[in-house]
$ cat upload.cif   # mmCIF, C-alpha atoms
data_final
#
loop_
_atom_site.label_atom_id
_atom_site.label_comp_id
_atom_site.auth_asym_id
_atom_site.auth_seq_id
_atom_site.Cartn_x
_atom_site.Cartn_y
_atom_site.Cartn_z
CA MET A 701 -6.11 2.01 8.53
CA ASP A 702 -3.04 -0.04 9.35
CA HIS A 703 -5.19 -3.07 10.26
CA ARG A 704 -6.84 -1.09 13.07
CA PRO A 705 -10.26 -0.19 11.68
CA GLN A 706 -11.80 0.75 15.03
CA ASP A 707 -8.99 3.23 15.66
CA ALA A 708 -9.55 4.69 12.20
CA ILE A 709 -13.28 5.09 12.86
CA ASN A 710 -12.60 6.67 16.24
CA THR A 711 -10.13 9.11 14.70
CA LEU A 712 -12.61 10.09 12.02
CA HIS A 713 -15.31 10.69 14.64
CA GLU A 714 -12.97 12.67 16.89
CA SER A 715 -11.79 14.89 14.05
CA GLN A 716 -15.14 15.88 12.57
CA ILE A 717 -15.09 19.42 11.27
CA THR A 718 -17.97 21.25 9.64
CA GLY A 719 -17.42 23.06 6.41
CA LEU A 720 -14.93 20.65 4.87
CA PRO A 721 -14.94 20.45 1.08
CA ASP A 722 -17.33 17.88 -0.37
CA ASP A 723 -14.52 15.72 -1.76
CA THR A 724 -12.88 15.56 1.67
CA MET A 725 -16.17 14.64 3.32
CA HIS A 726 -16.66 11.93 0.68
CA GLU A 727 -13.20 10.48 1.36
CA ARG A 728 -13.88 10.42 5.10
CA LEU A 729 -17.21 8.68 4.48
CA LEU A 730 -15.50 6.00 2.39
CA LEU A 731 -12.85 5.44 5.05
CA GLU A 732 -15.45 5.11 7.78
CA ALA A 733 -17.55 2.67 5.72
CA ARG A 734 -14.41 0.68 4.89
CA GLY A 735 -13.59 0.59 8.61
CA PHE A 736 -17.03 -0.77 9.50
CA ALA A 737 -16.66 -3.38 6.77
CA ALA A 738 -13.30 -4.43 8.17
CA LEU A 739 -15.04 -4.89 11.53
CA LYS A 740 -17.67 -7.03 9.78
CA GLN A 741 -20.33 -4.46 10.59
CA TRP A 742 -21.77 -4.78 7.10
CA ASP A 743 -25.07 -3.00 7.77
CA ASN A 744 -23.33 0.03 9.30
CA ALA A 745 -20.97 0.24 6.34
CA LEU A 746 -23.78 -0.04 3.80
CA ASP A 747 -25.97 2.45 5.66
CA LEU A 748 -23.20 5.06 5.54
CA ILE A 749 -22.93 4.89 1.75
CA ALA A 750 -26.55 4.11 0.96
CA VAL A 751 -27.36 7.34 -0.90
CA ASP A 752 -23.95 7.88 -2.53
CA ASP A 753 -23.78 6.67 -6.11
CA SER A 754 -20.28 7.77 -7.07
CA ALA A 755 -18.04 5.24 -8.81
CA ASP A 756 -15.75 4.66 -5.84
CA THR A 757 -18.74 4.17 -3.56
CA ARG A 758 -20.29 1.64 -5.95
CA ARG A 759 -16.95 -0.20 -5.92
CA LEU A 760 -16.88 -0.21 -2.11
CA ARG A 761 -20.52 -1.37 -1.97
CA ALA A 762 -19.71 -4.32 -4.25
CA ASP A 763 -16.71 -5.20 -2.06
CA ILE A 764 -18.82 -5.10 1.09
CA TYR A 765 -21.42 -7.46 -0.35
CA TRP A 766 -18.60 -9.77 -1.51
CA GLU A 767 -16.86 -9.77 1.88
CA SER A 768 -20.13 -10.33 3.73
CA GLY A 769 -20.87 -13.41 1.65
CA ASN A 770 -24.07 -12.00 0.19
CA TRP A 771 -23.30 -13.68 -3.12
CA ALA A 772 -26.50 -12.84 -4.99
CA VAL A 773 -26.13 -9.12 -4.39
CA ALA A 774 -22.33 -9.25 -4.76
CA GLY A 775 -22.74 -10.66 -8.27
CA GLN A 776 -25.36 -8.07 -9.13
CA LYS A 777 -23.25 -5.16 -7.83
CA ALA A 778 -20.18 -6.42 -9.67
CA GLU A 779 -22.20 -6.64 -12.85
CA GLU A 780 -23.46 -3.10 -12.32
CA LEU A 781 -19.86 -1.90 -12.00
CA LEU A 782 -19.02 -3.22 -15.45
CA GLY A 783 -22.31 -2.22 -17.05
CA ALA A 784 -22.19 -2.79 -20.80
CA ARG A 785 -18.39 -2.93 -20.82
CA TYR A 786 -18.63 -6.19 -22.74
CA THR A 787 -19.80 -4.20 -25.78
CA ASP A 788 -16.73 -1.95 -25.77
CA ALA A 789 -14.00 -2.82 -28.28
CA ALA A 790 -11.20 -2.15 -25.79
CA PRO A 791 -9.85 -5.19 -23.92
CA LEU A 792 -10.81 -5.61 -20.28
CA THR A 793 -8.29 -4.39 -17.74
CA LYS A 794 -6.88 -6.78 -15.15
CA GLY A 795 -9.25 -5.30 -12.55
CA GLU A 796 -12.24 -5.71 -14.83
CA ARG A 797 -11.30 -9.33 -15.55
CA GLU A 798 -11.06 -9.96 -11.79
CA GLU A 799 -14.54 -8.46 -11.43
CA VAL A 800 -15.90 -10.83 -14.10
CA LEU A 801 -14.34 -13.77 -12.23
CA ARG A 802 -15.91 -12.61 -8.98
CA MET A 803 -19.30 -12.43 -10.71
CA ALA A 804 -18.89 -16.02 -11.89
CA VAL A 805 -18.01 -17.21 -8.39
CA ALA A 806 -20.87 -15.27 -6.79
CA TYR A 807 -23.49 -16.50 -9.25
CA SER A 808 -22.24 -20.06 -8.93
CA LEU A 809 -22.45 -19.96 -5.15
CA VAL A 810 -26.15 -19.04 -5.32
CA ASN A 811 -26.83 -21.51 -8.13
CA ASP A 812 -27.92 -18.70 -10.46
CA GLU A 813 -27.57 -20.51 -13.78
CA ALA A 814 -29.38 -17.75 -15.72
CA SER A 815 -26.87 -15.12 -14.58
CA LEU A 816 -23.96 -17.45 -15.36
CA GLU A 817 -25.34 -17.95 -18.86
CA ARG A 818 -25.65 -14.17 -19.33
CA LEU A 819 -22.09 -13.81 -18.06
CA ARG A 820 -20.81 -16.41 -20.53
CA VAL A 821 -22.66 -14.83 -23.45
CA ASN A 822 -21.57 -11.29 -22.60
CA PHE A 823 -18.00 -11.79 -21.42
CA MET A 824 -16.65 -14.95 -23.07
CA PRO A 825 -15.45 -12.99 -26.12
CA LYS A 826 -13.72 -10.43 -23.88
CA MET A 827 -12.11 -13.07 -21.66
CA THR A 828 -10.88 -15.32 -24.50
CA GLY A 829 -7.16 -14.90 -25.06
CA THR A 830 -6.54 -13.22 -21.71
CA PRO A 831 -4.48 -14.62 -18.82
CA ASP A 832 -7.81 -15.29 -17.07
CA ALA A 833 -9.46 -17.19 -19.92
CA SER A 834 -9.11 -20.66 -18.41
CA ALA A 835 -10.23 -19.49 -14.96
CA PHE A 836 -13.28 -17.83 -16.53
CA SER A 837 -14.09 -20.98 -18.46
CA VAL A 838 -13.99 -23.05 -15.27
CA LEU A 839 -15.83 -20.54 -13.07
CA SER A 840 -18.60 -19.75 -15.53
CA GLN A 841 -19.38 -23.30 -16.66
CA ASN A 842 -22.72 -24.90 -15.91
CA ILE A 843 -23.10 -25.41 -12.19
CA GLU A 844 -23.58 -29.17 -12.41
CA LEU A 845 -20.10 -29.42 -14.00
CA HIS A 846 -18.28 -27.75 -11.10
CA GLY A 847 -15.62 -29.87 -9.51
CA ILE A 848 -12.11 -29.55 -8.10
CA ALA A 849 -11.01 -27.07 -10.77
CA PHE A 850 -13.92 -24.79 -9.84
CA ARG A 851 -13.11 -24.97 -6.13
CA ASP A 852 -9.44 -24.16 -6.79
CA ALA A 853 -10.23 -21.23 -9.07
CA ALA A 854 -12.93 -19.91 -6.72
CA ALA A 855 -10.56 -20.08 -3.77
CA LYS A 856 -8.00 -18.02 -5.70
CA ILE A 857 -10.59 -15.34 -6.52
CA ALA A 858 -11.92 -15.33 -2.96
CA SER A 859 -8.42 -14.72 -1.59
CA ILE A 860 -8.18 -11.29 -3.23
CA ASP A 861 -7.93 -8.83 -0.38
CA THR A 862 -10.43 -6.09 -1.17
CA LEU A 863 -9.34 -4.01 1.85
CA GLN A 864 -5.76 -3.97 0.64
CA ALA A 865 -6.89 -3.03 -2.87
CA PHE A 866 -9.13 -0.27 -1.48
CA MET A 867 -6.36 1.21 0.65
CA LYS A 868 -3.83 1.05 -2.21
CA ASP A 869 -6.26 2.90 -4.48
CA PHE A 870 -7.20 5.33 -1.75
CA SER A 871 -3.55 6.10 -0.92
CA SER A 872 -2.64 6.64 -4.56
CA ARG A 873 -5.12 9.46 -5.07
CA LYS A 874 -3.34 12.73 -5.64
CA ASP A 875 -6.06 14.85 -4.11
CA VAL A 876 -6.40 13.12 -0.75
CA ALA A 877 -6.18 15.77 1.92
CA ALA A 878 -4.62 15.23 5.31
CA TYR A 879 -7.25 14.37 7.88
#
$ encode --input "upload.cif" --output "structure tokens"
Amino acid sequence: MDHRPQDAINTLHESQITGLPDDTMHERLLLEARGFAALKQWDNALDLIAVDDSADTRRLRADIYWESGNWAVAGQKAEELLGARYTDAAPLTKGEREEVLRMAVAYSLVNDEASLERLRVNFMPKMTGTPDASAFSVLSQNIELHGIAFRDAAAKIASIDTLQAFMKDFSSRKDVAAY
């Protein structure tokens, strides 16, 4: 997108071709939705991907809710992405740990103490001993205990550029066709 989302959307619209393979159409849909999100046209972005339930679309949907500041739904969508991952014996990946931190921030911002408690119960064992353990401890603590440490940790999580991460992932796919 090269930081020109409207140009990307225009190019996608101008180059519409019928009969493209489903995976190519899916990739184009994701790019268009990502473009609308970059333009802060959240509803347009979400409408485009409303009926698609593929993993990469669920990821994009969670990012859109996060970027739009819809914290309650952002936390819920992030939690849906991880599912019951907390029951798996394998350690969380860096990306999964970042998702857990985003959940903690989102639930804190909407004062959802019940969801924070569920997050602590489910993910504390998986986060303990990781590079993100102290951040998780601060971000998932009871809301009335939040202070400067929470604000600092939340600001760090909020600064993660989801567009950059999306484009890096999108560009790294081996099967992306030329549009």
$ resolve_selection --input "upload.cif" --expression "the PyMOL selection byres ((chain A and resi 742) around 12)" --output "ChimeraX atom specification"
/A:732-741,743-750,760-770
$ residues_near_point --input "upload.cif" --point "(-19.7, -6.0, -22.3)" --cutoff "12 Å" --atoms "only C-alpha atoms" --output "number ranges by chain"
A: 779-792, 796-797, 800, 818-827
$ residues_near_point --input "upload.cif" --point "(-22.9, -21.5, -17.7)" --cutoff "9 Å" --atoms "only C-alpha atoms" --output "VMD selection string"
chain A and resid 804 808 813 to 821 837 839 to 843
$ atom_distance --input "upload.cif" --atom1 "CA of Glu799 (chain A)" --atom2 "CA of Arg704 (chain A)"
26.7 Å
$ atom_distance --input "upload.cif" --atom1 "CA of Ala778 (chain A)" --atom2 "CA of Met803 (chain A)"
6.2 Å
$ closest_residue --input "upload.cif" --among "A:Gly795, A:Ser834, A:Gly829, A:Gln776" --to "Tyr807 (chain A)" --atoms "only C-alpha atoms"
A:Gln776
$ atom_distance --input "upload.cif" --atom1 "CA of Leu731 (chain A)" --atom2 "CA of Ala806 (chain A)"
25.2 Å
